[in-house]
>>> print(open('query-v1.txt').read())   # compact mmCIF, C-alpha atoms
# COMPACT_ATOMS: atom_id res chain seq x y z
CA MET A 938 -39.55 -19.08 -70.36
CA ALA A 939 -36.16 -19.17 -72.09
CA ASP A 940 -33.15 -20.22 -70.01
CA GLY A 941 -31.39 -16.92 -70.63
CA PRO A 942 -30.48 -14.33 -73.23
CA GLY A 943 -29.23 -15.61 -76.54
CA ALA A 944 -26.36 -14.20 -78.59
CA TRP A 945 -28.75 -12.33 -80.90
CA GLU A 946 -30.49 -10.65 -77.96
CA ARG A 947 -27.11 -9.50 -76.65
CA VAL A 948 -26.16 -8.12 -80.04
CA ARG A 949 -29.45 -6.24 -80.41
CA THR A 950 -29.10 -4.75 -76.94
CA TRP A 951 -25.48 -3.62 -77.30
CA PRO A 952 -26.21 -0.35 -79.23
CA GLN A 953 -28.23 0.93 -76.25
CA HIS A 954 -24.96 1.29 -74.33
CA VAL A 955 -23.51 3.72 -76.89
CA LEU A 956 -26.56 5.58 -78.24
CA PRO A 957 -27.05 9.18 -76.97
CA GLN A 958 -30.06 8.12 -74.91
CA LYS A 959 -30.87 11.50 -73.38
CA THR A 960 -30.34 13.49 -76.58
CA LEU A 961 -32.68 11.18 -78.52
CA THR A 962 -35.22 11.34 -75.68
CA ALA A 963 -35.12 15.16 -75.60
CA LEU A 964 -35.72 15.25 -79.36
CA ALA A 965 -38.63 12.81 -79.08
CA THR A 966 -40.13 14.94 -76.31
CA ARG A 967 -40.03 18.09 -78.46
CA LEU A 968 -41.58 16.36 -81.47
CA SER A 969 -44.32 14.66 -79.45
CA ALA A 970 -45.35 17.98 -77.83
CA SER A 971 -45.57 19.86 -81.15
CA ARG A 972 -49.02 21.09 -82.14
CA ARG A 973 -48.03 21.64 -85.74
CA ARG A 974 -50.33 19.62 -87.94
CA TRP A 975 -47.55 18.53 -90.29
CA ILE A 976 -45.71 16.98 -87.31
CA ARG A 977 -48.66 15.78 -85.24
CA GLY A 978 -50.56 14.13 -88.11
CA PRO A 979 -47.77 11.87 -89.46
CA LEU A 980 -46.71 10.90 -85.92
CA VAL A 981 -50.19 9.85 -84.84
CA GLY A 982 -51.02 8.23 -88.17
CA GLY A 983 -47.73 6.35 -88.40
CA PHE A 984 -48.03 5.18 -84.79
CA ARG A 985 -51.54 3.83 -85.38
CA ARG A 986 -50.33 1.93 -88.44
CA MET A 987 -47.49 0.37 -86.47
CA PHE A 988 -49.35 -0.51 -83.26
CA PRO A 989 -52.86 -1.86 -82.48
CA VAL A 990 -54.17 1.28 -80.75
CA ASP A 991 -57.78 0.95 -79.55
CA LEU A 992 -59.48 4.35 -79.34
CA ALA A 993 -62.93 2.86 -78.65
CA GLU A 994 -62.30 3.18 -74.90
CA ALA A 995 -60.59 6.55 -75.08
CA ARG A 996 -61.90 10.05 -74.51
CA VAL A 997 -61.15 11.66 -77.85
CA PRO A 998 -61.42 15.48 -77.72
CA GLU A 999 -63.68 17.20 -80.19
CA GLY A 1000 -61.42 18.17 -83.05
CA GLY A 1001 -58.93 15.42 -82.24
CA PHE A 1002 -55.75 15.36 -80.20
CA GLU A 1003 -53.70 18.57 -80.16
CA SER A 1004 -50.36 16.74 -80.22
CA PHE A 1005 -48.87 13.27 -80.36
CA ASP A 1006 -48.25 13.53 -76.62
CA ALA A 1007 -51.94 14.25 -75.99
CA PHE A 1008 -52.81 11.20 -78.09
CA PHE A 1009 -50.29 9.04 -76.24
CA THR A 1010 -51.47 10.10 -72.76
CA ARG A 1011 -55.16 9.90 -73.72
CA ALA A 1012 -57.69 9.33 -70.96
CA LEU A 1013 -60.20 6.49 -70.84
CA ARG A 1014 -63.94 6.87 -71.03
CA PRO A 1015 -65.66 6.78 -67.60
CA GLY A 1016 -66.34 3.20 -66.51
CA ALA A 1017 -63.87 1.63 -68.94
CA ARG A 1018 -61.83 0.11 -66.09
CA PRO A 1019 -63.99 -0.74 -63.05
CA MET A 1020 -62.30 -1.44 -59.74
CA PRO A 1021 -62.61 -4.82 -57.95
CA GLU A 1022 -65.89 -5.59 -56.21
CA ASP A 1023 -63.93 -6.57 -53.09
CA PRO A 1024 -63.16 -3.26 -51.34
CA GLY A 1025 -60.06 -4.79 -49.72
CA ALA A 1026 -58.44 -6.08 -52.90
CA LEU A 1027 -55.40 -4.44 -54.41
CA ALA A 1028 -56.11 -3.33 -57.98
CA CYS A 1029 -53.70 -3.50 -60.88
CA PRO A 1030 -52.42 0.08 -61.33
CA CYS A 1031 -52.17 0.04 -65.14
CA ASP A 1032 -52.72 -1.78 -68.40
CA GLY A 1033 -49.85 -3.85 -69.76
CA THR A 1034 -48.17 -7.24 -69.72
CA LEU A 1035 -47.05 -8.95 -66.53
CA SER A 1036 -43.27 -9.29 -66.59
CA GLN A 1037 -42.66 -10.85 -63.17
CA CYS A 1038 -44.30 -11.15 -59.75
CA GLY A 1039 -43.53 -12.93 -56.53
CA PRO A 1040 -42.27 -12.60 -52.97
CA ILE A 1041 -39.64 -10.13 -51.77
CA SER A 1042 -37.04 -12.26 -50.02
CA ASP A 1043 -33.72 -11.06 -48.62
CA GLY A 1044 -34.64 -7.65 -49.99
CA ARG A 1045 -34.46 -8.82 -53.61
CA ILE A 1046 -36.80 -8.60 -56.62
CA VAL A 1047 -36.65 -10.87 -59.67
CA GLN A 1048 -36.10 -9.07 -62.98
CA ALA A 1049 -35.77 -12.10 -65.24
CA LYS A 1050 -34.46 -15.63 -64.93
CA GLY A 1051 -31.01 -15.40 -63.35
CA ARG A 1052 -31.23 -11.63 -62.80
CA ASP A 1053 -32.47 -9.68 -59.80
CA PHE A 1054 -31.87 -6.45 -57.88
CA THR A 1055 -32.59 -5.07 -54.44
CA VAL A 1056 -35.53 -3.06 -53.18
CA SER A 1057 -33.01 -0.64 -51.68
CA GLU A 1058 -31.46 -0.01 -55.11
CA LEU A 1059 -34.88 0.51 -56.65
CA LEU A 1060 -35.81 3.05 -53.95
CA ALA A 1061 -32.46 4.87 -54.25
CA GLY A 1062 -31.28 3.75 -50.81
CA ASP A 1063 -34.35 4.95 -48.92
CA PRO A 1064 -34.41 3.27 -45.47
CA ARG A 1065 -38.09 2.44 -45.93
CA ALA A 1066 -37.01 -0.29 -48.36
CA ALA A 1067 -36.82 -2.58 -45.31
CA ASP A 1068 -40.58 -2.21 -44.83
CA TYR A 1069 -41.16 -4.43 -47.87
CA GLU A 1070 -39.20 -7.46 -46.64
CA GLY A 1071 -41.54 -10.45 -46.67
CA GLY A 1072 -43.96 -8.62 -48.95
CA ARG A 1073 -44.52 -8.96 -52.69
CA PHE A 1074 -43.69 -7.29 -55.98
CA LEU A 1075 -45.33 -7.14 -59.37
CA THR A 1076 -43.86 -5.69 -62.59
CA VAL A 1077 -46.02 -4.62 -65.55
CA TYR A 1078 -44.61 -3.61 -68.94
CA LEU A 1079 -46.59 -1.00 -70.88
CA ALA A 1080 -46.31 -1.57 -74.64
CA PRO A 1081 -46.50 1.46 -76.95
CA HIS A 1082 -50.20 0.90 -77.73
CA ASP A 1083 -51.27 0.52 -74.10
CA TYR A 1084 -53.10 3.09 -71.97
CA HIS A 1085 -50.32 5.07 -70.30
CA ARG A 1086 -51.84 6.47 -67.15
CA VAL A 1087 -51.15 4.86 -63.78
CA HIS A 1088 -53.68 4.67 -60.94
CA ALA A 1089 -53.63 4.03 -57.21
CA PRO A 1090 -53.93 0.30 -56.42
CA VAL A 1091 -55.50 0.97 -53.01
CA ASP A 1092 -56.70 3.85 -50.85
CA GLY A 1093 -53.63 5.50 -49.37
CA ARG A 1094 -51.74 8.60 -48.30
CA LEU A 1095 -48.66 9.69 -50.21
CA VAL A 1096 -45.77 10.06 -47.79
CA SER A 1097 -42.91 10.61 -50.23
CA GLU A 1098 -42.04 11.03 -53.90
CA ILE A 1099 -38.49 10.21 -55.00
CA ARG A 1100 -37.12 11.19 -58.42
CA VAL A 1101 -34.10 9.09 -59.33
CA PRO A 1102 -31.70 9.90 -62.20
CA GLY A 1103 -30.24 7.12 -64.29
CA ARG A 1104 -29.93 5.55 -67.70
CA LEU A 1105 -32.66 5.23 -70.32
CA PHE A 1106 -32.34 1.66 -71.51
CA SER A 1107 -35.30 0.05 -73.24
CA VAL A 1108 -37.46 -1.96 -70.83
CA SER A 1109 -38.50 -4.64 -73.31
CA ALA A 1110 -38.47 -8.27 -72.24
CA ALA A 1111 -35.34 -8.89 -74.31
CA THR A 1112 -33.47 -6.04 -72.63
CA GLY A 1113 -34.57 -7.29 -69.22
CA ARG A 1114 -32.96 -10.64 -69.94
CA VAL A 1115 -29.64 -9.03 -70.92
CA ILE A 1116 -29.03 -5.91 -68.78
CA ASP A 1117 -28.47 -6.41 -65.05
CA ARG A 1118 -30.48 -4.35 -62.54
CA LEU A 1119 -32.39 -2.69 -65.39
CA TYR A 1120 -35.17 -1.04 -63.36
CA ALA A 1121 -32.73 0.06 -60.65
CA ARG A 1122 -30.49 1.72 -63.27
CA ASN A 1123 -33.05 3.65 -65.32
CA GLU A 1124 -34.60 7.00 -64.43
CA ARG A 1125 -37.70 6.53 -62.30
CA MET A 1126 -40.32 8.10 -60.04
CA VAL A 1127 -40.99 6.33 -56.74
CA ALA A 1128 -44.27 7.03 -54.92
CA LEU A 1129 -44.44 5.72 -51.34
CA PHE A 1130 -47.86 5.35 -49.73
CA GLU A 1131 -49.21 4.49 -46.31
CA THR A 1132 -52.37 2.35 -46.30
CA ASP A 1133 -54.46 0.58 -43.66
CA GLU A 1134 -52.70 -2.71 -44.52
CA GLY A 1135 -49.18 -1.33 -44.61
CA PRO A 1136 -46.84 0.33 -47.09
CA ILE A 1137 -47.28 0.38 -50.86
CA ALA A 1138 -44.80 1.66 -53.42
CA VAL A 1139 -45.57 2.45 -57.04
CA ILE A 1140 -42.45 2.92 -59.17
CA MET A 1141 -42.77 4.35 -62.68
CA VAL A 1142 -39.63 3.45 -64.65
CA ALA A 1143 -38.55 5.59 -67.59
CA ALA A 1144 -36.80 4.39 -70.75
CA MET A 1145 -35.32 5.74 -73.97
CA LEU A 1146 -37.82 8.12 -75.64
CA VAL A 1147 -39.96 7.52 -72.53
CA ALA A 1148 -38.56 9.75 -69.83
CA GLY A 1149 -41.40 12.14 -69.00
CA ILE A 1150 -43.26 11.10 -65.83
CA GLU A 1151 -45.99 13.40 -64.52
CA THR A 1152 -47.79 13.05 -61.19
CA THR A 1153 -51.26 14.27 -60.28
CA TRP A 1154 -50.12 15.91 -57.02
CA ASP A 1155 -47.50 17.98 -58.87
CA PRO A 1156 -48.76 18.22 -62.47
CA HIS A 1157 -46.60 21.23 -63.33
CA GLY A 1158 -43.45 19.90 -61.69
CA GLU A 1159 -40.33 18.64 -63.43
CA ARG A 1160 -40.93 15.38 -65.27
CA ARG A 1161 -37.24 14.43 -65.23
CA PRO A 1162 -35.13 13.99 -62.08
CA GLY A 1163 -32.09 16.05 -63.03
CA ARG A 1164 -28.60 15.04 -61.91
CA ARG A 1165 -29.33 14.08 -58.30
CA VAL A 1166 -31.91 12.09 -56.37
CA ARG A 1167 -34.72 14.46 -55.45
CA ARG A 1168 -37.16 13.76 -52.60
CA LEU A 1169 -40.50 15.43 -51.98
CA ASP A 1170 -42.43 14.90 -48.75
CA PRO A 1171 -45.64 16.83 -49.45
CA ASP A 1172 -47.36 18.64 -46.60
CA PRO A 1173 -50.25 18.18 -46.39
CA ALA A 1174 -49.87 14.70 -47.82
CA PRO A 1175 -52.41 13.98 -50.57
CA ARG A 1176 -54.75 11.02 -50.21
CA LEU A 1177 -55.66 8.95 -53.25
CA ALA A 1178 -58.61 6.62 -53.52
CA ARG A 1179 -58.20 3.26 -55.18
CA GLY A 1180 -58.52 3.78 -58.93
CA GLU A 1181 -57.70 7.48 -58.80
CA GLU A 1182 -55.07 8.60 -61.31
CA LEU A 1183 -51.60 8.75 -59.81
CA GLY A 1184 -49.52 9.80 -62.80
CA ARG A 1185 -48.84 9.28 -66.46
CA PHE A 1186 -45.99 8.42 -68.80
CA HIS A 1187 -45.26 10.85 -71.59
CA TRP A 1188 -44.41 7.87 -73.74
CA GLY A 1189 -44.65 4.69 -71.74
CA SER A 1190 -42.54 2.18 -69.91
CA THR A 1191 -42.83 -0.09 -66.85
CA VAL A 1192 -44.51 0.00 -63.45
CA VAL A 1193 -43.19 -1.89 -60.42
CA LEU A 1194 -45.62 -2.34 -57.52
CA LEU A 1195 -44.33 -3.24 -54.04
CA ALA A 1196 -46.66 -4.36 -51.25
CA GLY A 1197 -45.58 -4.75 -47.62
CA PRO A 1198 -46.12 -8.03 -45.74
CA GLY A 1199 -49.44 -6.83 -44.26
CA HIS A 1200 -51.17 -7.05 -47.64
CA ARG A 1201 -52.80 -10.21 -48.95
CA ALA A 1202 -50.92 -12.66 -51.17
CA TRP A 1203 -51.24 -12.30 -54.93
CA ARG A 1204 -54.10 -14.31 -56.35
CA SER A 1205 -53.43 -17.37 -58.48
CA GLY A 1206 -53.09 -17.03 -62.25
CA LEU A 1207 -50.64 -14.11 -62.21
CA VAL A 1208 -47.89 -15.47 -64.45
CA PRO A 1209 -45.33 -13.74 -66.72
CA GLY A 1210 -46.73 -12.88 -70.13
CA ARG A 1211 -50.29 -12.41 -68.88
CA THR A 1212 -52.19 -9.39 -70.21
CA MET A 1213 -53.12 -7.08 -67.35
CA ARG A 1214 -55.88 -4.49 -67.14
CA LEU A 1215 -56.15 -1.47 -64.89
CA GLY A 1216 -58.48 -2.33 -61.99
CA GLU A 1217 -58.02 -6.09 -62.24
CA PRO A 1218 -57.88 -7.58 -58.71
CA LEU A 1219 -54.38 -8.64 -57.67
CA THR A 1220 -55.33 -10.12 -54.30
>>> encode(input="query-v1.txt", output="structure tokens")
Amino acid sequence: MADGPGAWERVRTWPQHVLPQKTLTALATRLSASRRRWIRGPLVGGFRRMFPVDLAEARVPEGGFESFDAFFTRALRPGARPMPEDPGALACPCDGTLSQCGPISDGRIVQAKGRDFTVSELLAGDPRAADYEGGRFLTVYLAPHDYHRVHAPVDGRLVSEIRVPGRLFSVSAATGRVIDRLYARNERMVALFETDEGPIAVIMVAAMLVAGIETTWDPHGERRPGRRVRRLDPDPAPRLARGEELGRFHWGSTVVLLAGPGHRAWRSGLVPGRTMRLGEPLT
């Protein structure tokens, strides 16, 4: 791993501070949802030329995808991502690349070398942040070509959803090395679960052009947080089985997984830069 951000990385990141992040994201959302063939076709075709999209594992509707957004949030074929054989193992909640993982100590999470932030910041000051002290975190970056649905890492009961407003910086590795507290500054959806082994949090972090986050328990709800932190404590609280879809990115970003101290330690071999697959055992 590099010692820190270089001058060129800082220069490349600087425009993100002045770009109209939310205006560009709103425009991208409108274009991606369009069902007009002359918009949908070039977007999907151009995207597939730019990125190594694998549709062999996807469920492709008869007649093709109705919009770029439908293509981007495509489902997998049944059985494409089996869950761990060990019923007690935590499963990776998504496809992507491992950015960081490790212990939660003094309430802090590592973002990149020399940069960290607090669990409390990530959870928008929720007092349940203290429940993760002594536990572990894992951060997975979803590249544009990855599968962009997120699944439950363990059987659990949703106790709270928190929608947090913020910036829409890119969440690339280069940006993570330059911008402090990146995941605690961007828009995000926090899902807090109770499980037999203790608390679990799944945080879906938005980014520029990547701000739509949909959940399965509120599929028609607002995908953006608005101007203020918004909390939802559903009653009755939905239960999700391990591997069940939790939500999806309308354009994709990063997932941060927090596990309380009652859960097993991460297994060996989880190192930054490793390709991760939904359902891969983490413990």
>>> residues_around(input="query-v1.txt", residues="A:Leu1215", least_positions_apart="6", cutoff="7 Å", atoms="all atoms listed in the file", output="list in words")
Arg1018, Cys1029, Pro1030, Cys1031 and Asp1032 of chain A
>>> closest_residue(input="query-v1.txt", among="A:Leu1027, A:Val1077, A:Ala970, A:Leu1059", to="A:Thr1191", atoms="only C-alpha atoms")
A:Val1077
>>> axis_aligned_box(input="query-v1.txt", around="stretch 1192-1207 of chain A", padding_each_side="5 Å", output="lines of an AutoDock Vina configuration file")
center_x = -48.6
center_y = -8.7
center_z = -53.9
size_x = 20.9
size_y = 27.4
size_z = 29.2
>>> residues_near_point(input="query-v1.txt", point="(-30.2, 3.2, -63.5)", cutoff="6 Å", atoms="all atoms listed in the file", output="list in words")
Gly1103, Arg1104, Ala1121, Arg1122, Asn1123 and Glu1124 of chain A
>>> residues_around(input="query-v1.txt", residues="A:Ser1205", least_positions_apart="2", cutoff="12 Å", atoms="all atoms listed in the file", output="MDAnalysis selection string")
chainID A and resid 1038:1039 1201:1203 1207:1208 1211 1218:1220
>>> residues_around(input="query-v1.txt", residues="stretch 1158-1167 of chain A", least_positions_apart="3", cutoff="12 Å", atoms="only C-alpha atoms", output="JSON list (two decimals) with C-alpha atoms, in the frame of the given file")
[["chain", "number", "residue", "atom", "x", "y", "z"],
["A", 959, "LYS", "CA", -30.87, 11.50, -73.38],
["A", 962, "THR", "CA", -35.22, 11.34, -75.68],
["A", 963, "ALA", "CA", -35.12, 15.16, -75.60],
["A", 966, "THR", "CA", -40.13, 14.94, -76.31],
["A", 1059, "LEU", "CA", -34.88, 0.51, -56.65],
["A", 1060, "LEU", "CA", -35.81, 3.05, -53.95],
["A", 1061, "ALA", "CA", -32.46, 4.87, -54.25],
["A", 1062, "GLY", "CA", -31.28, 3.75, -50.81],
["A", 1063, "ASP", "CA", -34.35, 4.95, -48.92],
["A", 1097, "SER", "CA", -42.91, 10.61, -50.23],
["A", 1098, "GLU", "CA", -42.04, 11.03, -53.90],
["A", 1099, "ILE", "CA", -38.49, 10.21, -55.00],
["A", 1100, "ARG", "CA", -37.12, 11.19, -58.42],
["A", 1101, "VAL", "CA", -34.10, 9.09, -59.33],
["A", 1102, "PRO", "CA", -31.70, 9.90, -62.20],
["A", 1103, "GLY", "CA", -30.24, 7.12, -64.29],
["A", 1104, "ARG", "CA", -29.93, 5.55, -67.70],
["A", 1105, "LEU", "CA", -32.66, 5.23, -70.32],
["A", 1123, "ASN", "CA", -33.05, 3.65, -65.32],
["A", 1124, "GLU", "CA", -34.60, 7.00, -64.43],
["A", 1125, "ARG", "CA", -37.70, 6.53, -62.30],
["A", 1126, "MET", "CA", -40.32, 8.10, -60.04],
["A", 1127, "VAL", "CA", -40.99, 6.33, -56.74],
["A", 1141, "MET", "CA", -42.77, 4.35, -62.68],
["A", 1142, "VAL", "CA", -39.63, 3.45, -64.65],
["A", 1143, "ALA", "CA", -38.55, 5.59, -67.59],
["A", 1144, "ALA", "CA", -36.80, 4.39, -70.75],
["A", 1147, "VAL", "CA", -39.96, 7.52, -72.53],
["A", 1148, "ALA", "CA", -38.56, 9.75, -69.83],
["A", 1149, "GLY", "CA", -41.40, 12.14, -69.00],
["A", 1150, "ILE", "CA", -43.26, 11.10, -65.83],
["A", 1151, "GLU", "CA", -45.99, 13.40, -64.52],
["A", 1152, "THR", "CA", -47.79, 13.05, -61.19],
["A", 1153, "THR", "CA", -51.26, 14.27, -60.28],
["A", 1154, "TRP", "CA", -50.12, 15.91, -57.02],
["A", 1155, "ASP", "CA", -47.50, 17.98, -58.87],
["A", 1170, "ASP", "CA", -42.43, 14.90, -48.75],
["A", 1184, "GLY", "CA", -49.52, 9.80, -62.80],
["A", 1185, "ARG", "CA", -48.84, 9.28, -66.46],
["A", 1186, "PHE", "CA", -45.99, 8.42, -68.80],
["A", 1187, "HIS", "CA", -45.26, 10.85, -71.59],
["A", 1188, "TRP", "CA", -44.41, 7.87, -73.74]]
>>> closest_residue(input="query-v1.txt", among="A:Asp1172, A:Asp1083, A:Asp1117, A:Glu1182", to="A:Thr1034", atoms="only C-alpha atoms")
A:Asp1083
>>> atom_distance(input="query-v1.txt", atom1="atom CA of A:Glu1131", atom2="atom CA of A:Pro1019")
22.9 Å
>>> closest_residue(input="query-v1.txt", among="A:Pro1064, A:Pro1198, A:Gly1044, A:Pro1090", to="A:Pro1021", atoms="all atoms listed in the file")
A:Pro1090
>>> closest_residue(input="query-v1.txt", among="A:Asp1006, A:Asp1068, A:Asp1023, A:Glu999", to="A:Gly1197", atoms="all atoms listed in the file")
A:Asp1068
>>> atom_distance(input="query-v1.txt", atom1="atom CA of A:Thr1076", atom2="atom CA of A:Ser1036")
5.4 Å
>>> closest_residue(input="query-v1.txt", among="A:Ile1140, A:Arg972, A:Val990, A:Pro979", to="A:Arg1011", atoms="all atoms listed in the file")
A:Val990
>>> decode(input="query-v1.txt", residues="stretch 1033-1110 of chain A", atoms="C-alpha atoms", output="mmCIF file, in the first residue's frame")
data_model
loop_
_atom_site.group_PDB
_atom_site.id
_atom_site.type_symbol
_atom_site.label_atom_id
_atom_site.label_comp_id
_atom_site.auth_asym_id
_atom_site.auth_seq_id
_atom_site.Cartn_x
_atom_site.Cartn_y
_atom_site.Cartn_z
ATOM 1 C CA GLY A 1033 -16.764 -5.778 -4.896
ATOM 2 C CA THR A 1034 -13.205 -5.106 -3.797
ATOM 3 C CA LEU A 1035 -12.140 -5.115 -0.164
ATOM 4 C CA SER A 1036 -10.982 -1.622 0.785
ATOM 5 C CA GLN A 1037 -10.221 -2.125 4.486
ATOM 6 C CA CYS A 1038 -11.141 -4.404 7.379
ATOM 7 C CA GLY A 1039 -10.091 -4.777 10.974
ATOM 8 C CA PRO A 1040 -11.009 -4.175 14.597
ATOM 9 C CA ILE A 1041 -13.064 -1.268 15.922
ATOM 10 C CA SER A 1042 -10.919 0.283 18.632
ATOM 11 C CA ASP A 1043 -11.681 3.474 20.551
ATOM 12 C CA GLY A 1044 -14.766 3.775 18.371
ATOM 13 C CA ARG A 1045 -12.726 4.328 15.202
ATOM 14 C CA ILE A 1046 -12.692 2.757 11.722
ATOM 15 C CA VAL A 1047 -9.763 2.874 9.298
ATOM 16 C CA GLN A 1048 -10.532 4.518 5.949
ATOM 17 C CA ALA A 1049 -7.038 4.453 4.457
ATOM 18 C CA LYS A 1050 -3.495 4.684 5.760
ATOM 19 C CA GLY A 1051 -3.359 7.704 8.063
ATOM 20 C CA ARG A 1052 -7.104 8.392 7.808
ATOM 21 C CA ASP A 1053 -9.948 7.166 9.986
ATOM 22 C CA PHE A 1054 -13.347 8.230 11.330
ATOM 23 C CA THR A 1055 -15.652 7.253 14.160
ATOM 24 C CA VAL A 1056 -18.503 4.773 14.236
ATOM 25 C CA SER A 1057 -20.611 7.506 15.830
ATOM 26 C CA GLU A 1058 -20.021 9.807 12.834
ATOM 27 C CA LEU A 1059 -20.877 7.006 10.417
ATOM 28 C CA LEU A 1060 -24.140 6.284 12.267
ATOM 29 C CA ALA A 1061 -25.061 9.995 12.466
ATOM 30 C CA GLY A 1062 -24.594 10.150 16.239
ATOM 31 C CA ASP A 1063 -26.865 7.214 17.042
ATOM 32 C CA PRO A 1064 -26.143 6.047 20.627
ATOM 33 C CA ARG A 1065 -26.045 2.431 19.438
ATOM 34 C CA ALA A 1066 -22.633 3.187 17.923
ATOM 35 C CA ALA A 1067 -21.184 2.175 21.307
ATOM 36 C CA ASP A 1068 -22.467 -1.373 20.762
ATOM 37 C CA TYR A 1069 -19.736 -1.929 18.153
ATOM 38 C CA GLU A 1070 -16.761 -1.119 20.385
ATOM 39 C CA GLY A 1071 -14.436 -4.130 20.356
ATOM 40 C CA GLY A 1072 -16.123 -5.482 17.243
ATOM 41 C CA ARG A 1073 -15.002 -5.388 13.614
ATOM 42 C CA PHE A 1074 -15.585 -3.527 10.378
ATOM 43 C CA LEU A 1075 -15.246 -4.378 6.715
ATOM 44 C CA THR A 1076 -15.496 -1.983 3.748
ATOM 45 C CA VAL A 1077 -16.245 -3.173 0.196
ATOM 46 C CA TYR A 1078 -16.058 -0.917 -2.863
ATOM 47 C CA LEU A 1079 -18.469 -1.716 -5.698
ATOM 48 C CA ALA A 1080 -16.946 -0.888 -9.093
ATOM 49 C CA PRO A 1081 -19.278 0.188 -11.916
ATOM 50 C CA HIS A 1082 -19.352 -3.306 -13.467
ATOM 51 C CA ASP A 1083 -20.128 -5.117 -10.204
ATOM 52 C CA TYR A 1084 -23.475 -6.569 -9.128
ATOM 53 C CA HIS A 1085 -25.162 -3.732 -7.234
ATOM 54 C CA ARG A 1086 -27.587 -5.403 -4.891
ATOM 55 C CA VAL A 1087 -26.749 -5.822 -1.202
ATOM 56 C CA HIS A 1088 -27.821 -8.812 0.894
ATOM 57 C CA ALA A 1089 -28.129 -9.650 4.581
ATOM 58 C CA PRO A 1090 -24.861 -11.078 5.969
ATOM 59 C CA VAL A 1091 -26.677 -13.039 8.696
ATOM 60 C CA ASP A 1092 -30.194 -13.821 9.896
ATOM 61 C CA GLY A 1093 -31.448 -10.762 11.744
ATOM 62 C CA ARG A 1094 -34.229 -8.354 12.630
ATOM 63 C CA LEU A 1095 -34.128 -4.793 11.365
ATOM 64 C CA VAL A 1096 -34.449 -2.424 14.318
ATOM 65 C CA SER A 1097 -33.747 0.887 12.597
ATOM 66 C CA GLU A 1098 -33.045 2.532 9.251
ATOM 67 C CA ILE A 1099 -31.223 5.873 9.238
ATOM 68 C CA ARG A 1100 -31.011 8.088 6.144
ATOM 69 C CA VAL A 1101 -28.148 10.550 6.421
ATOM 70 C CA PRO A 1102 -27.686 13.591 4.135
ATOM 71 C CA GLY A 1103 -24.228 14.623 3.052
ATOM 72 C CA ARG A 1104 -21.836 15.153 0.183
ATOM 73 C CA LEU A 1105 -21.476 12.996 -2.915
ATOM 74 C CA PHE A 1106 -17.738 12.571 -3.287
ATOM 75 C CA SER A 1107 -16.439 9.671 -5.348
ATOM 76 C CA VAL A 1108 -15.597 6.633 -3.207
ATOM 77 C CA SER A 1109 -12.683 5.419 -5.310
ATOM 78 C CA ALA A 1110 -9.507 4.267 -3.585
#
